[in-house]
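S.K.: Once you've had a glance at the structure underneath, I'll fire off some questions.
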Amino acid sequence: MAVGIFMIILGFSHLMKSDYFLPIKTRIILGEEKFQSYQKGLVFPYLFVGTLMICMGIVENMEILETSIFITLYIILGIIPIILLIVNNKKNTGRYWFWVNDFK
């Protein structure tokens, strides 16, 4: 549950355009305009993951779902923000993974 709260804090941090949680190198590599677009694309995935983790933690504690259904639901819902992050990276950096080949 604490990780979910941290993810929501990250989401709101990006919403408020704070670069506290992003490395300085990211701003330098992307430039100011692309950096704003990149950061804007991080808001929804982080908020979604945070909300998902909190809700699924509550569901787990209440033991509402069977284990197999719970894990399947978690995986299916977890794929959505991962895809959004990959699309955001591709749109703003031209690569699917930001850290590949250390951007020169």
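Labels for the structure tokens follow display order: chains A, B, ..., residues from 1 in each chain, ligands from 1.
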Write down as a PyMOL selection string the residues of chain A whose backbone DSSP state falls under alpha helix (DSSP H).
M.R.: chain A and resi 2-15+24-62+67-93
S.K.: When you look at stretch 81-83 of chain A with a cut-off of 7 Å (counting only C-alpha atoms), what residues show up, excluding the ones that are within fewer than 6 positions of it in the same chain? I need them as a list in words.
M.R.: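 Neighbouring residues, sequence-local ones excluded: Pro45, Phe48 and Val49 of chain A.
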S.K.: Could you write those residues out with N, CA and C atoms, as a PDB file, in the first residue's frame?
M.R.:
ATOM      1  N   PRO A  45      -0.026   7.080 -16.113  1.00  0.00           N
ATOM      2  CA  PRO A  45       0.454   5.746 -15.712  1.00  0.00           C
ATOM      3  C   PRO A  45       0.793   5.645 -14.226  1.00  0.00           C
ATOM      4  N   PHE A  48      -2.434   5.717 -12.196  1.00  0.00           N
ATOM      5  CA  PHE A  48      -3.150   4.464 -12.396  1.00  0.00           C
ATOM      6  C   PHE A  48      -2.510   3.337 -11.596  1.00  0.00           C
ATOM      7  N   VAL A  49      -1.186   3.229 -11.652  1.00  0.00           N
ATOM      8  CA  VAL A  49      -0.482   2.179 -10.912  1.00  0.00           C
ATOM      9  C   VAL A  49      -0.679   2.361  -9.405  1.00  0.00           C
TER      10      VAL A  49
END
S.K.: Can you pull out the residues contacting A:Phe12? Cut-off 8 Å, using only C-alpha atoms, and skip same-chain residues under 3 positions away; I want them as a list in words.
M.R.: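 Counting only C-alpha atoms, the residues come to Ile8, Ile9, Leu15, Met16, Val43 and Leu47 of chain A.
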S.K.: Limited to N, CA and C atoms, could you put the picked residues into a file as a compact mmCIF listing (two decimals), in the first residue's frame?
M.R.:
# COMPACT_ATOMS: atom_id res chain seq x y z
N ILE A 8 1.35 7.46 -6.47
CA ILE A 8 0.44 8.59 -6.61
C ILE A 8 1.18 9.90 -6.38
N ILE A 9 2.09 9.92 -5.42
CA ILE A 9 2.92 11.11 -5.19
C ILE A 9 3.75 11.41 -6.44
N LEU A 15 2.47 15.90 -12.54
CA LEU A 15 1.37 16.78 -12.89
C LEU A 15 1.70 18.23 -12.57
N MET A 16 2.40 18.44 -11.45
CA MET A 16 2.80 19.79 -11.05
C MET A 16 4.10 20.24 -11.72
N VAL A 43 2.09 11.18 -16.06
CA VAL A 43 1.10 11.44 -15.01
C VAL A 43 0.11 10.28 -14.89
N LEU A 47 -0.39 7.55 -11.70
CA LEU A 47 -1.62 7.61 -10.91
C LEU A 47 -2.40 6.31 -11.00
S.K.: How many Å separate atom CA of A:His14 from atom CA of A:Gln39?
M.R.: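 Taking atom CA of A:His14 as the start and atom CA of A:Gln39 as the end point, the length is 5.8 Å.
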S.K.: For atom CA of A:Phe21 and atom CA of A:Cys55, determine how far apart the two atoms are, in Å to one decimal place.
M.R.: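 Atom CA of A:Cys55 lies at a distance of 24.0 Å from atom CA of A:Phe21.
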S.K.: Closest to A:Leu52 among A:Ile5, A:Leu22, A:Ile69, A:Val87, using only C-alpha atoms?
M.R.: A:Ile5
S.K.: So, with only C-alpha atoms as the atoms that count, which of A:Leu85, A:Thr93, A:Ser18, A:Met56 lies closest to A:Phe70?
M.R.: A:Met56
S.K.: For A:Tyr46, list every protein, DNA or RNA residue within 8 Å, evaluated using only C-alpha atoms, and leave out those in the same chain fewer than 4 positions away; present the list as a PyMOL selection string.
M.R.: chain A and resi 7-8+10-11+42+50+81
S.K.: Which residues come within 10 Å of A:Asn92, counting only C-alpha atoms, excluding same-chain residues fewer than 5 positions away, as number ranges by chain?
M.R.: A: 30, 33-39, 41, 87, 98
S.K.: Would you write out those residues with C-alpha atoms, as a PDB file, in the first residue's frame?
M.R.:
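Output below, filename out_31.pdb:
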ATOM      1  CA  LEU A  30      15.183  15.704 -24.160  1.00  0.00           C
ATOM      2  CA  GLU A  33       9.805  21.160 -24.928  1.00  0.00           C
ATOM      3  CA  LYS A  34      10.079  17.378 -25.185  1.00  0.00           C
ATOM      4  CA  PHE A  35      10.749  17.143 -21.454  1.00  0.00           C
ATOM      5  CA  GLN A  36       7.381  18.775 -20.683  1.00  0.00           C
ATOM      6  CA  SER A  37       5.631  16.399 -23.074  1.00  0.00           C
ATOM      7  CA  TYR A  38       7.501  13.415 -21.627  1.00  0.00           C
ATOM      8  CA  GLN A  39       6.613  14.412 -18.079  1.00  0.00           C
ATOM      9  CA  GLY A  41       2.855  11.455 -20.393  1.00  0.00           C
ATOM     10  CA  VAL A  87       4.301   4.549 -25.835  1.00  0.00           C
ATOM     11  CA  PHE A  98      14.708   5.343 -22.304  1.00  0.00           C
TER      12      PHE A  98
END
S.K.: Could you please determine the separation between atom CA of A:Glu60 and atom CA of A:Leu77 in Å, to one decimal place?
M.R.: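 Between atom CA of A:Glu60 and atom CA of A:Leu77 the gap is 15.1 Å.
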S.K.: Do a neighbour search on A:Tyr96 at 6 Å with only C-alpha atoms, toss out local chain neighbours closer than 2 positions, and write the hits as a list in words.
M.R.: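 Near A:Tyr96, the qualifying residues are Ile86, Asn89 and Lys90 of chain A.
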S.K.: What's the 9 Å shell around A:Ile54, counting only C-alpha atoms, without same-chain residues fewer than 6 positions away, as a list in words?
M.R.: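 So the residues in contact are Met1, Ala2, Val3, Gly4 and Ile5 of chain A.
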S.K.: Store the residues picked out above in a file with N, CA and C atoms, as a compact mmCIF listing (two decimals), in the first residue's frame.
M.R.:
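As a result, out.txt now contains:
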# COMPACT_ATOMS: atom_id res chain seq x y z
N MET A 1 0.81 -1.18 0.00
CA MET A 1 0.00 0.00 0.00
C MET A 1 0.87 1.26 0.00
N ALA A 2 2.02 1.20 0.69
CA ALA A 2 2.91 2.35 0.73
C ALA A 2 3.48 2.64 -0.66
N VAL A 3 3.76 1.60 -1.43
CA VAL A 3 4.28 1.80 -2.79
C VAL A 3 3.21 2.46 -3.65
N GLY A 4 1.95 2.10 -3.46
CA GLY A 4 0.86 2.74 -4.19
C GLY A 4 0.77 4.22 -3.88
N ILE A 5 0.92 4.57 -2.61
CA ILE A 5 0.90 5.99 -2.22
C ILE A 5 2.07 6.72 -2.84
